[in-house]
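Chemist: Take a look at this one; I'll ask things after.
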Amino acid sequence: EYYELRTYQLQSAAKQKAFLTYVESALLPALNRIGLQRIGVFTSLDKADDHDVRMLIPFPNLQAFDSLTTKLEADADYQKAAAPHYAMTLKDPAYTRIRSQFMRAFASIPKIELPPQTASNKPRIFELRTYESHNEDTARRKVMMFDKGETQLMRDVQLGPVFFGKMLVGHDVPNLTYMLSAADSDAHKAHWKAFLAHPKWDEMKVKPEYKGTVSKITNWFLKPTAFSQI
């Protein structure tokens, strides 16, 4: 799969509420009609002043990504439902900017793996993590580390990997970005503790080919909206 991760930059709780109404009533149904499924819509879990909305959109191939805008423009139901969103003025826009990142799935997790809580819409939290590398080769070797064991270890200790993506287009490249899930923050902390204490992790992290492959880690804790499909 390929993934577009969009961050809609919003300046207030009121802006966020209005934007989420647009996503739920117009954008998400249109994406589903196109055939795109398992779309995640998230807001910040722990930062009251962070009003951004993040959307994770999976694409089966590059053609599906390329044709998205054209299909939305041709969707009369979408255009009607989105009219209030597009009617917002230059001086009072719906959002400040969209930050878009485009990724290709790892071999070790080629498709989104939905958390068990998603099907029954039970409470769940997510951690979105970005690992920057200082050059293309170290970035390649960090992906290899996941594909040769780290992804499976995360499954084994119930860290709940959702997706892993190699960044093809975006900011702060080279990097990889991935998402983990859990029922709640306490469970997530326990899963991380189990990962860090696992003998397989101790074995992997000292291998020469994996040393020095990450120069910076950034993470965000997120919660799904009521209509998120992840």
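Note on naming: chains are A, B, ... as they come in the structure tokens, residues start from 1 per chain, ligands start from 1 in the order shown.
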Please return, as a VMD selection string, all residues of range 1-223 of chain A that DSSP assigns to helix (DSSP H, G or I) on the basis of the backbone.
Modeler: chain A and resid 13 to 34 62 to 66 68 to 73 76 to 81 83 to 86 116 to 119 136 to 156 185 to 196 199 to 205 208 to 210
Chemist: When you look at Val169 in chain A with a cut-off of 7 Å (counting only C-alpha atoms), what residues show up, excluding the ones that are within fewer than 4 positions of it in the same chain? I need them as a PyMOL selection string.
Modeler: chain A and resi 101-103
Chemist: Write out as a PyMOL selection string the residues lying within 10 Å of Arg33 in chain A, counting only C-alpha atoms and excluding same-chain residues fewer than 3 positions away.
Modeler: chain A and resi 27-30+36-37+71-72+75+78
Chemist: Take the residues from that selection and put them in a file with all heavy atoms, as a compact mmCIF listing (two decimals), in the first residue's frame.
Modeler:
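Output (part05.txt):
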```txt
# COMPACT_ATOMS: atom_id res chain seq x y z
N LEU A 27 -16.12 14.51 3.08
CA LEU A 27 -14.88 13.93 2.55
C LEU A 27 -14.80 12.43 2.75
O LEU A 27 -14.51 11.68 1.81
CB LEU A 27 -13.67 14.62 3.19
CG LEU A 27 -12.29 14.15 2.70
CD1 LEU A 27 -12.17 14.28 1.18
CD2 LEU A 27 -11.18 14.92 3.39
N LEU A 28 -15.06 11.95 3.96
CA LEU A 28 -14.91 10.52 4.23
C LEU A 28 -15.89 9.67 3.39
O LEU A 28 -15.47 8.67 2.79
CB LEU A 28 -15.08 10.25 5.72
CG LEU A 28 -14.79 8.82 6.18
CD1 LEU A 28 -13.35 8.43 5.85
CD2 LEU A 28 -15.03 8.68 7.68
N PRO A 29 -17.18 10.03 3.31
CA PRO A 29 -18.07 9.26 2.45
C PRO A 29 -17.63 9.25 0.99
O PRO A 29 -17.75 8.23 0.31
CB PRO A 29 -19.43 9.95 2.62
CG PRO A 29 -19.34 10.63 3.94
CD PRO A 29 -17.91 11.06 4.07
N ALA A 30 -17.09 10.36 0.51
CA ALA A 30 -16.62 10.43 -0.87
C ALA A 30 -15.42 9.52 -1.09
O ALA A 30 -15.33 8.82 -2.12
CB ALA A 30 -16.28 11.87 -1.25
N LEU A 36 -11.73 3.79 -1.37
CA LEU A 36 -10.69 3.89 -0.35
C LEU A 36 -11.32 3.61 1.01
O LEU A 36 -12.33 4.20 1.37
CB LEU A 36 -10.05 5.27 -0.37
CG LEU A 36 -9.44 5.69 -1.72
CD1 LEU A 36 -8.89 7.11 -1.64
CD2 LEU A 36 -8.35 4.71 -2.15
N GLN A 37 -10.73 2.68 1.74
CA GLN A 37 -11.27 2.24 3.02
C GLN A 37 -10.18 2.32 4.09
O GLN A 37 -9.04 2.62 3.82
CB GLN A 37 -11.79 0.80 2.91
CG GLN A 37 -12.83 0.59 1.82
CD GLN A 37 -14.14 1.30 2.09
OE1 GLN A 37 -14.52 1.52 3.25
NE2 GLN A 37 -14.88 1.64 1.03
N LYS A 71 -11.50 12.52 -9.25
CA LYS A 71 -12.71 11.81 -8.85
C LYS A 71 -13.55 12.63 -7.86
O LYS A 71 -14.79 12.62 -7.93
CB LYS A 71 -12.34 10.45 -8.26
CG LYS A 71 -11.82 9.47 -9.31
CD LYS A 71 -11.44 8.13 -8.69
CE LYS A 71 -11.00 7.14 -9.75
NZ LYS A 71 -10.58 5.83 -9.18
N LEU A 72 -12.91 13.34 -6.96
CA LEU A 72 -13.66 14.19 -6.04
C LEU A 72 -14.34 15.33 -6.78
O LEU A 72 -15.49 15.69 -6.47
CB LEU A 72 -12.73 14.74 -4.95
CG LEU A 72 -12.23 13.74 -3.90
CD1 LEU A 72 -11.27 14.42 -2.94
CD2 LEU A 72 -13.38 13.11 -3.13
N ASP A 75 -17.57 14.13 -8.31
CA ASP A 75 -18.55 13.55 -7.40
C ASP A 75 -19.54 14.64 -6.98
O ASP A 75 -19.24 15.47 -6.12
CB ASP A 75 -17.83 12.96 -6.19
CG ASP A 75 -18.75 12.22 -5.24
OD1 ASP A 75 -19.96 12.53 -5.20
OD2 ASP A 75 -18.26 11.33 -4.52
N TYR A 78 -20.40 14.74 -3.25
CA TYR A 78 -19.32 15.35 -2.46
C TYR A 78 -19.34 16.87 -2.60
O TYR A 78 -19.25 17.59 -1.60
CB TYR A 78 -17.96 14.81 -2.89
CG TYR A 78 -16.81 15.62 -2.32
CD1 TYR A 78 -16.50 15.54 -0.96
CD2 TYR A 78 -16.07 16.48 -3.12
CE1 TYR A 78 -15.47 16.30 -0.41
CE2 TYR A 78 -15.03 17.24 -2.59
CZ TYR A 78 -14.74 17.16 -1.23
OH TYR A 78 -13.73 17.92 -0.70
```
Chemist: Using only C-alpha atoms, find each residue of range 70-123 of chain A with at least one atom at most 12 Å away from an atom of range 159-164 of chain A; report its shortest atom-to-atom pair and that distance in Å (one decimal), sort the rows by chain and rising residue number, and return the result as CSV.
Modeler:
```
residue,atom,partner,partner_atom,distance
A:Phe102,CA,A:Phe164,CA,11.8
A:Met103,CA,A:Phe164,CA,8.6
A:Arg104,CA,A:Phe164,CA,8.1
A:Ala105,CA,A:Phe164,CA,5.7
A:Phe106,CA,A:Phe164,CA,5.8
A:Ala107,CA,A:Phe164,CA,9.1
A:Ser108,CA,A:Phe164,CA,8.5
A:Ile109,CA,A:Phe163,CA,6.6
A:Pro110,CA,A:Phe163,CA,8.0
A:Lys111,CA,A:Phe163,CA,6.9
A:Ile112,CA,A:Phe163,CA,5.1
A:Glu113,CA,A:Val162,CA,4.8
A:Leu114,CA,A:Val162,CA,6.1
A:Pro115,CA,A:Gly160,CA,6.5
A:Pro116,CA,A:Gly160,CA,8.9
A:Gln117,CA,A:Gly160,CA,10.7
A:Thr118,CA,A:Val162,CA,11.3
```
Chemist: Write a file of the selected residues as a PDB file, in the first residue's frame, keeping N, CA, C and O atoms.
Modeler:
```pdb
ATOM      1  N   PHE A 102       3.808  11.464   1.896  1.00  0.00           N
ATOM      2  CA  PHE A 102       3.444  10.306   1.084  1.00  0.00           C
ATOM      3  C   PHE A 102       4.453   9.194   1.315  1.00  0.00           C
ATOM      4  O   PHE A 102       5.662   9.414   1.222  1.00  0.00           O
ATOM      5  N   MET A 103       3.934   7.994   1.619  1.00  0.00           N
ATOM      6  CA  MET A 103       4.783   6.883   2.044  1.00  0.00           C
ATOM      7  C   MET A 103       4.433   5.597   1.309  1.00  0.00           C
ATOM      8  O   MET A 103       3.330   5.448   0.787  1.00  0.00           O
ATOM      9  N   ARG A 104       5.388   4.667   1.309  1.00  0.00           N
ATOM     10  CA  ARG A 104       5.166   3.310   0.827  1.00  0.00           C
ATOM     11  C   ARG A 104       5.283   2.348   2.002  1.00  0.00           C
ATOM     12  O   ARG A 104       6.184   2.467   2.827  1.00  0.00           O
ATOM     13  N   ALA A 105       4.373   1.382   2.077  1.00  0.00           N
ATOM     14  CA  ALA A 105       4.356   0.435   3.191  1.00  0.00           C
ATOM     15  C   ALA A 105       5.601  -0.435   3.206  1.00  0.00           C
ATOM     16  O   ALA A 105       6.184  -0.737   2.165  1.00  0.00           O
ATOM     17  N   PHE A 106       5.993  -0.853   4.403  1.00  0.00           N
ATOM     18  CA  PHE A 106       7.108  -1.778   4.574  1.00  0.00           C
ATOM     19  C   PHE A 106       6.704  -3.180   4.115  1.00  0.00           C
ATOM     20  O   PHE A 106       5.532  -3.558   4.191  1.00  0.00           O
ATOM     21  N   ALA A 107       7.694  -3.974   3.743  1.00  0.00           N
ATOM     22  CA  ALA A 107       7.442  -5.376   3.387  1.00  0.00           C
ATOM     23  C   ALA A 107       6.903  -6.164   4.574  1.00  0.00           C
ATOM     24  O   ALA A 107       6.090  -7.080   4.408  1.00  0.00           O
ATOM     25  N   SER A 108       7.327  -5.813   5.780  1.00  0.00           N
ATOM     26  CA  SER A 108       6.932  -6.561   6.974  1.00  0.00           C
ATOM     27  C   SER A 108       5.522  -6.235   7.447  1.00  0.00           C
ATOM     28  O   SER A 108       4.964  -6.936   8.298  1.00  0.00           O
ATOM     29  N   ILE A 109       4.926  -5.189   6.908  1.00  0.00           N
ATOM     30  CA  ILE A 109       3.539  -4.834   7.241  1.00  0.00           C
ATOM     31  C   ILE A 109       2.957  -4.131   6.016  1.00  0.00           C
ATOM     32  O   ILE A 109       2.811  -2.910   5.987  1.00  0.00           O
ATOM     33  N   PRO A 110       2.660  -4.907   4.969  1.00  0.00           N
ATOM     34  CA  PRO A 110       2.304  -4.334   3.671  1.00  0.00           C
ATOM     35  C   PRO A 110       0.940  -3.669   3.616  1.00  0.00           C
ATOM     36  O   PRO A 110       0.659  -2.928   2.671  1.00  0.00           O
ATOM     37  N   LYS A 111       0.094  -3.930   4.598  1.00  0.00           N
ATOM     38  CA  LYS A 111      -1.226  -3.301   4.668  1.00  0.00           C
ATOM     39  C   LYS A 111      -1.519  -2.874   6.094  1.00  0.00           C
ATOM     40  O   LYS A 111      -0.952  -3.429   7.049  1.00  0.00           O
ATOM     41  N   ILE A 112      -2.409  -1.912   6.236  1.00  0.00           N
ATOM     42  CA  ILE A 112      -2.818  -1.471   7.567  1.00  0.00           C
ATOM     43  C   ILE A 112      -3.365  -2.652   8.366  1.00  0.00           C
ATOM     44  O   ILE A 112      -4.136  -3.458   7.854  1.00  0.00           O
ATOM     45  N   GLU A 113      -2.935  -2.756   9.621  1.00  0.00           N
ATOM     46  CA  GLU A 113      -3.441  -3.763  10.539  1.00  0.00           C
ATOM     47  C   GLU A 113      -4.320  -3.056  11.576  1.00  0.00           C
ATOM     48  O   GLU A 113      -3.831  -2.292  12.397  1.00  0.00           O
ATOM     49  N   LEU A 114      -5.618  -3.298  11.496  1.00  0.00           N
ATOM     50  CA  LEU A 114      -6.554  -2.591  12.366  1.00  0.00           C
ATOM     51  C   LEU A 114      -6.449  -3.089  13.800  1.00  0.00           C
ATOM     52  O   LEU A 114      -6.369  -4.297  14.039  1.00  0.00           O
ATOM     53  N   PRO A 115      -6.484  -2.183  14.768  1.00  0.00           N
ATOM     54  CA  PRO A 115      -6.497  -2.606  16.173  1.00  0.00           C
ATOM     55  C   PRO A 115      -7.755  -3.425  16.463  1.00  0.00           C
ATOM     56  O   PRO A 115      -8.801  -3.212  15.840  1.00  0.00           O
ATOM     57  N   PRO A 116      -7.683  -4.345  17.403  1.00  0.00           N
ATOM     58  CA  PRO A 116      -8.866  -5.159  17.725  1.00  0.00           C
ATOM     59  C   PRO A 116     -10.033  -4.315  18.242  1.00  0.00           C
ATOM     60  O   PRO A 116     -11.192  -4.710  18.122  1.00  0.00           O
ATOM     61  N   GLN A 117      -9.743  -3.151  18.822  1.00  0.00           N
ATOM     62  CA  GLN A 117     -10.807  -2.297  19.360  1.00  0.00           C
ATOM     63  C   GLN A 117     -11.610  -1.588  18.265  1.00  0.00           C
ATOM     64  O   GLN A 117     -12.719  -1.095  18.518  1.00  0.00           O
ATOM     65  N   THR A 118     -11.074  -1.534  17.049  1.00  0.00           N
ATOM     66  CA  THR A 118     -11.718  -0.747  16.001  1.00  0.00           C
ATOM     67  C   THR A 118     -13.068  -1.328  15.600  1.00  0.00           C
ATOM     68  O   THR A 118     -14.056  -0.595  15.445  1.00  0.00           O
TER      69      THR A 118
END
```
Chemist: Once you count only C-alpha atoms, what closest atom pair and distance in Å to one decimal does each residue of range 120-162 of chain A within 8 Å of range 215-219 of chain A have, with rows by chain and rising residue number, as CSV?
Modeler:
```
residue,atom,partner,partner_atom,distance
A:Glu127,CA,A:Asn219,CA,6.7
A:Leu128,CA,A:Asn219,CA,5.5
A:Arg129,CA,A:Asn219,CA,4.3
A:Thr130,CA,A:Thr218,CA,5.2
A:Tyr131,CA,A:Ile217,CA,4.8
A:Glu132,CA,A:Lys216,CA,5.1
A:Ser133,CA,A:Ser215,CA,5.0
A:His134,CA,A:Ser215,CA,6.0
```
Chemist: Neighbouring residues of Asn121 in chain A were defined as those with any atom within 10 Å, considering only C-alpha atoms; residues of the same chain fewer than 6 positions away were excluded. Please report them as a VMD selection string.
Modeler: chain A and resid 115 224 226 to 230
Chemist: Can you tell me which residues surround Ala82 in chain A at a distance of at most 8 Å, considering only C-alpha atoms, apart from same-chain residues fewer than 3 positions away, and format the answer as a compact mmCIF listing (two decimals) with C-alpha atoms, in the first residue's frame?
Modeler:
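The result, written out as around-v9.txt:
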```
# COMPACT_ATOMS: atom_id res chain seq x y z
CA TYR A 22 -16.90 18.43 6.82
CA ALA A 26 -18.48 15.06 2.93
CA LEU A 27 -14.88 13.93 2.55
CA TYR A 78 -19.32 15.35 -2.46
CA GLN A 79 -19.45 18.80 -4.05
CA HIS A 85 -16.53 24.03 3.69
CA TYR A 86 -15.52 25.60 0.38
```
Chemist: Give me, as a PyMOL selection string, the residues of range 103-166 of chain A that a backbone DSSP run labels strand (DSSP E).
Modeler: chain A and resi 103-105+125-132+161-166
Chemist: Please save N, CA, C and O atoms of the selected residues as a PDB file, in the first residue's frame.
Modeler:
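New file part24.pdb:
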```pdb
ATOM      1  N   MET A 103       3.934   7.994   1.619  1.00  0.00           N
ATOM      2  CA  MET A 103       4.783   6.883   2.044  1.00  0.00           C
ATOM      3  C   MET A 103       4.433   5.597   1.309  1.00  0.00           C
ATOM      4  O   MET A 103       3.330   5.448   0.787  1.00  0.00           O
ATOM      5  N   ARG A 104       5.388   4.667   1.309  1.00  0.00           N
ATOM      6  CA  ARG A 104       5.166   3.310   0.827  1.00  0.00           C
ATOM      7  C   ARG A 104       5.283   2.348   2.002  1.00  0.00           C
ATOM      8  O   ARG A 104       6.184   2.467   2.827  1.00  0.00           O
ATOM      9  N   ALA A 105       4.373   1.382   2.077  1.00  0.00           N
ATOM     10  CA  ALA A 105       4.356   0.435   3.191  1.00  0.00           C
ATOM     11  C   ALA A 105       5.601  -0.435   3.206  1.00  0.00           C
ATOM     12  O   ALA A 105       6.184  -0.737   2.165  1.00  0.00           O
ATOM     13  N   ILE A 125      -6.099   4.260  21.789  1.00  0.00           N
ATOM     14  CA  ILE A 125      -5.202   5.400  21.591  1.00  0.00           C
ATOM     15  C   ILE A 125      -4.121   4.986  20.597  1.00  0.00           C
ATOM     16  O   ILE A 125      -3.903   3.799  20.346  1.00  0.00           O
ATOM     17  N   PHE A 126      -3.440   5.978  20.052  1.00  0.00           N
ATOM     18  CA  PHE A 126      -2.421   5.719  19.041  1.00  0.00           C
ATOM     19  C   PHE A 126      -1.180   6.556  19.340  1.00  0.00           C
ATOM     20  O   PHE A 126      -1.274   7.663  19.877  1.00  0.00           O
ATOM     21  N   GLU A 127      -0.042   6.000  18.962  1.00  0.00           N
ATOM     22  CA  GLU A 127       1.197   6.766  18.971  1.00  0.00           C
ATOM     23  C   GLU A 127       1.728   6.798  17.549  1.00  0.00           C
ATOM     24  O   GLU A 127       1.949   5.764  16.925  1.00  0.00           O
ATOM     25  N   LEU A 128       1.915   8.002  17.038  1.00  0.00           N
ATOM     26  CA  LEU A 128       2.502   8.210  15.718  1.00  0.00           C
ATOM     27  C   LEU A 128       3.955   8.602  15.925  1.00  0.00           C
ATOM     28  O   LEU A 128       4.253   9.534  16.682  1.00  0.00           O
ATOM     29  N   ARG A 129       4.878   7.878  15.270  1.00  0.00           N
ATOM     30  CA  ARG A 129       6.304   8.092  15.496  1.00  0.00           C
ATOM     31  C   ARG A 129       7.030   8.295  14.168  1.00  0.00           C
ATOM     32  O   ARG A 129       6.761   7.582  13.184  1.00  0.00           O
ATOM     33  N   THR A 130       7.945   9.240  14.154  1.00  0.00           N
ATOM     34  CA  THR A 130       8.802   9.476  12.995  1.00  0.00           C
ATOM     35  C   THR A 130      10.254   9.313  13.397  1.00  0.00           C
ATOM     36  O   THR A 130      10.694   9.889  14.398  1.00  0.00           O
ATOM     37  N   TYR A 131      10.994   8.499  12.637  1.00  0.00           N
ATOM     38  CA  TYR A 131      12.423   8.305  12.852  1.00  0.00           C
ATOM     39  C   TYR A 131      13.171   8.934  11.683  1.00  0.00           C
ATOM     40  O   TYR A 131      13.092   8.441  10.552  1.00  0.00           O
ATOM     41  N   GLU A 132      13.890  10.004  11.958  1.00  0.00           N
ATOM     42  CA  GLU A 132      14.733  10.614  10.941  1.00  0.00           C
ATOM     43  C   GLU A 132      16.100   9.924  10.926  1.00  0.00           C
ATOM     44  O   GLU A 132      16.570   9.437  11.960  1.00  0.00           O
ATOM     45  N   PRO A 161       1.164  -2.566  16.061  1.00  0.00           N
ATOM     46  CA  PRO A 161       1.506  -1.767  14.887  1.00  0.00           C
ATOM     47  C   PRO A 161       0.321  -1.658  13.924  1.00  0.00           C
ATOM     48  O   PRO A 161      -0.359  -2.647  13.653  1.00  0.00           O
ATOM     49  N   VAL A 162       0.088  -0.446  13.436  1.00  0.00           N
ATOM     50  CA  VAL A 162      -1.013  -0.167  12.506  1.00  0.00           C
ATOM     51  C   VAL A 162      -0.486  -0.044  11.084  1.00  0.00           C
ATOM     52  O   VAL A 162      -1.000  -0.662  10.156  1.00  0.00           O
ATOM     53  N   PHE A 163       0.558   0.776  10.916  1.00  0.00           N
ATOM     54  CA  PHE A 163       1.208   0.890   9.613  1.00  0.00           C
ATOM     55  C   PHE A 163       2.651   1.322   9.813  1.00  0.00           C
ATOM     56  O   PHE A 163       3.005   1.931  10.829  1.00  0.00           O
ATOM     57  N   PHE A 164       3.484   0.998   8.841  1.00  0.00           N
ATOM     58  CA  PHE A 164       4.854   1.492   8.759  1.00  0.00           C
ATOM     59  C   PHE A 164       5.057   2.025   7.353  1.00  0.00           C
ATOM     60  O   PHE A 164       4.736   1.332   6.378  1.00  0.00           O
ATOM     61  N   GLY A 165       5.588   3.218   7.224  1.00  0.00           N
ATOM     62  CA  GLY A 165       5.779   3.795   5.905  1.00  0.00           C
ATOM     63  C   GLY A 165       7.151   4.411   5.717  1.00  0.00           C
ATOM     64  O   GLY A 165       7.648   5.145   6.581  1.00  0.00           O
ATOM     65  N   LYS A 166       7.766   4.089   4.594  1.00  0.00           N
ATOM     66  CA  LYS A 166       8.988   4.770   4.180  1.00  0.00           C
ATOM     67  C   LYS A 166       8.586   6.066   3.495  1.00  0.00           C
ATOM     68  O   LYS A 166       7.801   6.061   2.549  1.00  0.00           O
TER      69      LYS A 166
END
```
Chemist: Could you work out how far CA of Ala187 in chain A lies from CA of Val214 in chain A, giving the answer in Å with one decimal?
Modeler: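 A separation of 25.7 Å between them.
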Chemist: Have a look at CA of Val173 in chain A and CA of Thr96 in chain A and let me know their distance in Å, one decimal.
Modeler: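 Result for CA of Val173 in chain A versus CA of Thr96 in chain A: 22.9 Å, one decimal.
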